[in-house]
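Here is the file my_file22.txt (compact mmCIF, C-alpha atoms).
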# COMPACT_ATOMS: atom_id res chain seq x y z
CA MET A 1 101.36 105.50 95.05
CA LYS A 2 99.26 102.57 94.04
CA SER A 3 95.67 103.45 93.22
CA SER A 4 92.90 102.19 95.44
CA SER A 5 91.92 99.74 92.69
CA TYR A 6 95.29 98.09 93.30
CA TYR A 7 94.08 97.07 96.77
CA GLN A 8 90.94 95.52 95.31
CA ALA A 9 93.16 93.42 93.06
CA LEU A 10 95.19 92.03 95.95
CA PRO A 11 94.79 88.31 96.56
CA GLU A 12 92.16 87.23 99.09
CA SER A 13 94.88 86.05 101.46
CA MET A 14 98.36 87.43 101.88
CA PRO A 15 101.29 86.76 104.17
CA VAL A 16 100.90 88.73 107.41
CA GLU A 17 104.13 90.64 106.82
CA GLY A 18 102.97 91.65 103.34
CA ILE A 19 99.73 93.01 104.76
CA LYS A 20 101.66 95.01 107.35
CA VAL A 21 103.85 96.51 104.62
CA GLU A 22 100.74 97.53 102.66
CA PHE A 23 99.17 99.13 105.75
CA LEU A 24 102.34 101.13 106.33
CA ASP A 25 102.38 102.18 102.67
CA VAL A 26 98.79 103.46 102.86
CA LEU A 27 99.54 105.39 106.07
CA LYS A 28 102.67 106.92 104.53
CA CYS A 29 100.87 107.94 101.34
CA LEU A 30 97.98 109.44 103.28
CA LYS A 31 100.36 111.46 105.43
CA SER A 32 102.29 112.73 102.40
CA GLY A 33 99.10 113.72 100.59
CA ASP A 34 99.56 111.16 97.81
CA LEU A 35 96.32 109.45 98.77
CA SER A 36 92.91 111.01 99.43
CA LYS A 37 91.02 110.28 102.63
CA GLU A 38 88.38 108.39 100.65
CA SER A 39 90.95 106.22 98.88
CA ALA A 40 92.79 105.63 102.14
CA LEU A 41 89.60 104.45 103.86
CA GLU A 42 88.89 102.12 100.95
CA ALA A 43 92.43 100.73 101.06
CA LEU A 44 92.39 100.34 104.85
CA SER A 45 89.09 98.51 104.58
CA GLU A 46 90.45 96.11 101.97
CA LEU A 47 93.60 95.51 104.00
CA SER A 48 91.70 95.05 107.25
CA ASP A 49 89.65 92.35 105.55
CA ARG A 50 92.80 90.56 104.43
CA GLN A 51 94.31 90.94 107.89
CA TRP A 52 91.20 89.50 109.52
CA ASN A 53 91.25 86.58 107.08
CA ALA A 54 94.86 85.88 108.06
CA TYR A 55 93.57 84.95 111.56
CA CYS A 56 96.30 87.01 113.15
CA VAL A 57 96.04 90.30 115.01
CA LEU A 58 97.92 93.18 113.39
CA SER A 59 100.94 94.43 115.34
CA ASP A 60 100.19 96.97 118.08
CA ASP A 61 102.23 99.74 116.47
CA VAL A 62 100.40 99.50 113.15
CA ARG A 63 97.01 99.14 114.88
CA SER A 64 97.78 102.30 116.86
CA SER A 65 98.72 104.20 113.70
CA VAL A 66 95.57 103.05 111.93
CA ALA A 67 93.51 104.09 114.97
CA ASP A 68 95.10 107.55 114.90
CA VAL A 69 94.25 107.93 111.22
CA LEU A 70 90.66 106.75 111.63
CA ILE A 71 90.05 109.17 114.49
CA SER A 72 91.58 112.04 112.52
CA MET A 73 89.46 111.22 109.45
CA TRP A 74 86.18 110.89 111.36
CA ASP A 75 83.27 112.68 109.70
CA GLY A 76 80.05 112.48 111.70
CA ARG A 77 77.96 113.47 108.69
CA CYS A 78 79.04 110.75 106.24
CA ILE A 79 77.34 107.37 106.70
CA GLU A 80 79.59 105.65 104.13
CA SER A 81 82.80 106.58 105.95
CA ALA A 82 81.20 105.75 109.32
CA GLU A 83 80.26 102.27 108.08
CA THR A 84 83.76 101.75 106.68
CA ILE A 85 85.42 102.90 109.90
CA VAL A 86 83.20 100.61 111.99
CA SER A 87 84.10 97.64 109.78
CA ILE A 88 87.82 98.41 110.09
CA VAL A 89 87.46 98.77 113.87
CA SER A 90 85.77 95.39 114.15
CA ARG A 91 88.26 93.56 111.91
CA LEU A 92 91.39 95.02 113.50
CA GLY A 93 90.18 95.17 117.10
CA LEU A 94 90.61 98.92 117.52
CA GLY A 95 89.21 99.52 121.00
CA ARG A 96 90.51 103.07 121.18
CA VAL A 97 88.51 104.04 118.10
CA LEU A 98 85.39 102.35 119.48
CA ARG A 99 85.81 104.31 122.73
CA PHE A 100 86.18 107.49 120.66
CA LEU A 101 82.97 106.67 118.79
CA SER A 102 81.12 105.92 122.03
CA GLU A 103 81.91 109.42 123.31
CA ILE A 104 80.71 111.31 120.24
CA ASP A 105 78.05 113.92 120.88
CA PRO A 106 74.90 112.92 118.96
CA ASN A 107 74.45 116.57 117.98
CA GLN A 108 77.70 116.38 116.01
CA THR A 109 76.56 113.54 113.78
CA SER A 110 73.75 112.94 111.37
CA PRO A 111 70.99 110.69 112.76
CA ASP A 112 71.93 107.74 110.53
CA VAL A 113 75.61 107.99 111.55
CA TYR A 114 74.65 108.14 115.22
CA ILE A 115 72.52 105.01 114.85
CA GLU A 116 75.42 103.24 113.08
CA ILE A 117 77.94 104.05 115.79
CA HIS A 118 75.48 103.34 118.62
CA GLU A 119 74.78 99.87 117.16
CA ALA A 120 78.50 99.22 116.68
CA VAL A 121 79.32 100.20 120.25
CA GLU A 122 76.55 97.95 121.57
CA GLU A 123 77.70 95.02 119.45
CA LEU A 124 81.45 95.36 119.92
CA ARG A 125 81.93 96.87 123.38
CA ASP A 126 82.79 93.59 125.14
CA SER A 127 84.84 91.99 122.38
CA VAL A 128 86.39 94.71 120.24
CA GLU A 129 89.98 94.04 121.31
CA ASP A 130 89.73 90.47 119.98
CA PRO A 131 88.36 90.49 116.43
CA TYR A 132 88.14 86.68 116.54
CA SER A 133 86.12 86.38 119.75
CA GLY A 134 82.96 85.26 117.97
CA MET A 135 84.84 82.39 116.36
CA GLN A 136 86.09 80.78 119.55
CA SER A 137 84.32 77.75 120.90
For this file, write the structure as structure tokens.
Amino acid sequence: MKSSSYYQALPESMPVEGIKVEFLDVLKCLKSGDLSKESALEALSELSDRQWNAYCVLSDDVRSSVADVLISMWDGRCIESAETIVSIVSRLGLGRVLRFLSEIDPNQTSPDVYIEIHEAVEELRDSVEDPYSGMQS
């Protein structure tokens, strides 16, 4: 498996198909245990940024797989992972993950994580499915 630093060295823009292949590679390596949750979140964040900069929505099947992974990796006590997950949700348009976050019991999160997800839900609730909605005229 490529190290997470590999993803930081990827070019700013990539062909959409190449990004999809990298997403699938990260998901496969996470599932097989070849990649830690922390490294996977970092890689998914880097790839979601490249996907967003490609001005093209990721395919539904890959978005669904990424959503599954983000939900399974959720840690209501870690602000860094919460911030990373929120950024991935906003870049990839992962409405299912946003709905999951909106239903989290505040008693199962730290106060700073709850504030982060509450703000994200408020900001993204009407536009999460289209990560480019703010760019349209």
Worksheet item: What gap, in Å, lies between CA of Asp60 in chain A and CA of Val121 in chain A?
Response: 21.2 Å
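The interatomic distance for the pair CA of Ser102 in chain A and CA of Leu124 in chain A works out to 10.8 Å.
Relative to CA of Val26 in chain A, CA of Val113 in chain A is found at 25.2 Å.
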Worksheet item: Between A:Asp75, A:Glu83, A:Glu122, A:Asp25, which is the closest to Ser110 in chain A once you count only C-alpha atoms?
Response: A:Asp75
Discussion item. Using only C-alpha atoms for the distances, tell me which of A:Leu92, A:Met73, A:Ala67, A:Val16 is nearest to Asp130 in chain A.
Written reply: A:Leu92
Fill in: Nearest residue to Gly93 in chain A from the set A:Thr109, A:Asn53, A:Ser32, A:Ser127 (distances using only C-alpha atoms)
A:Ser127
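Closest approach to Glu123 in chain A from the set A:Met14, A:Ala43, A:Val66, A:Val86 is made by A:Val86, with distances taken over only C-alpha atoms.
Each of A:Glu22, A:Arg50, A:Gly76, A:Arg63 was compared to Tyr114 in chain A using only C-alpha atoms, and A:Gly76 turns out to be the nearest.
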Fill in: Pick from A:Ser36, A:Ser133, A:Gln108, A:Ser90, whichever lies nearest to Gln51 in chain A using only C-alpha atoms
A:Ser90
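Excluding Asp49 in chain A itself and same-chain residues fewer than 3 positions from it, the residues having an atom within 8 Å of it are A:Ser45, A:Glu46, A:Trp52, A:Asn53, A:Ile88, A:Arg91, counting all atoms listed in the file.
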For the residues in the current selection, export C-alpha atoms as a JSON list (two decimals), in the coordinates of the input.
[["chain", "number", "residue", "atom", "x", "y", "z"],
["A", 45, "SER", "CA", 89.09, 98.51, 104.58],
["A", 46, "GLU", "CA", 90.45, 96.11, 101.97],
["A", 52, "TRP", "CA", 91.20, 89.50, 109.52],
["A", 53, "ASN", "CA", 91.25, 86.58, 107.08],
["A", 88, "ILE", "CA", 87.82, 98.41, 110.09],
["A", 91, "ARG", "CA", 88.26, 93.56, 111.91]]
Which residues, written as an mmCIF file with C-alpha atoms, in the coordinates of the input, have at least one atom at most 9 Å from Asp112 in chain A, with only C-alpha atoms counted and residues fewer than 6 positions away on the same chain left out?
data_model
loop_
_atom_site.group_PDB
_atom_site.id
_atom_site.type_symbol
_atom_site.label_atom_id
_atom_site.label_comp_id
_atom_site.auth_asym_id
_atom_site.auth_seq_id
_atom_site.Cartn_x
_atom_site.Cartn_y
_atom_site.Cartn_z
ATOM 1 C CA ARG A 77 77.960 113.470 108.690
ATOM 2 C CA CYS A 78 79.040 110.750 106.240
ATOM 3 C CA ILE A 79 77.340 107.370 106.700
#
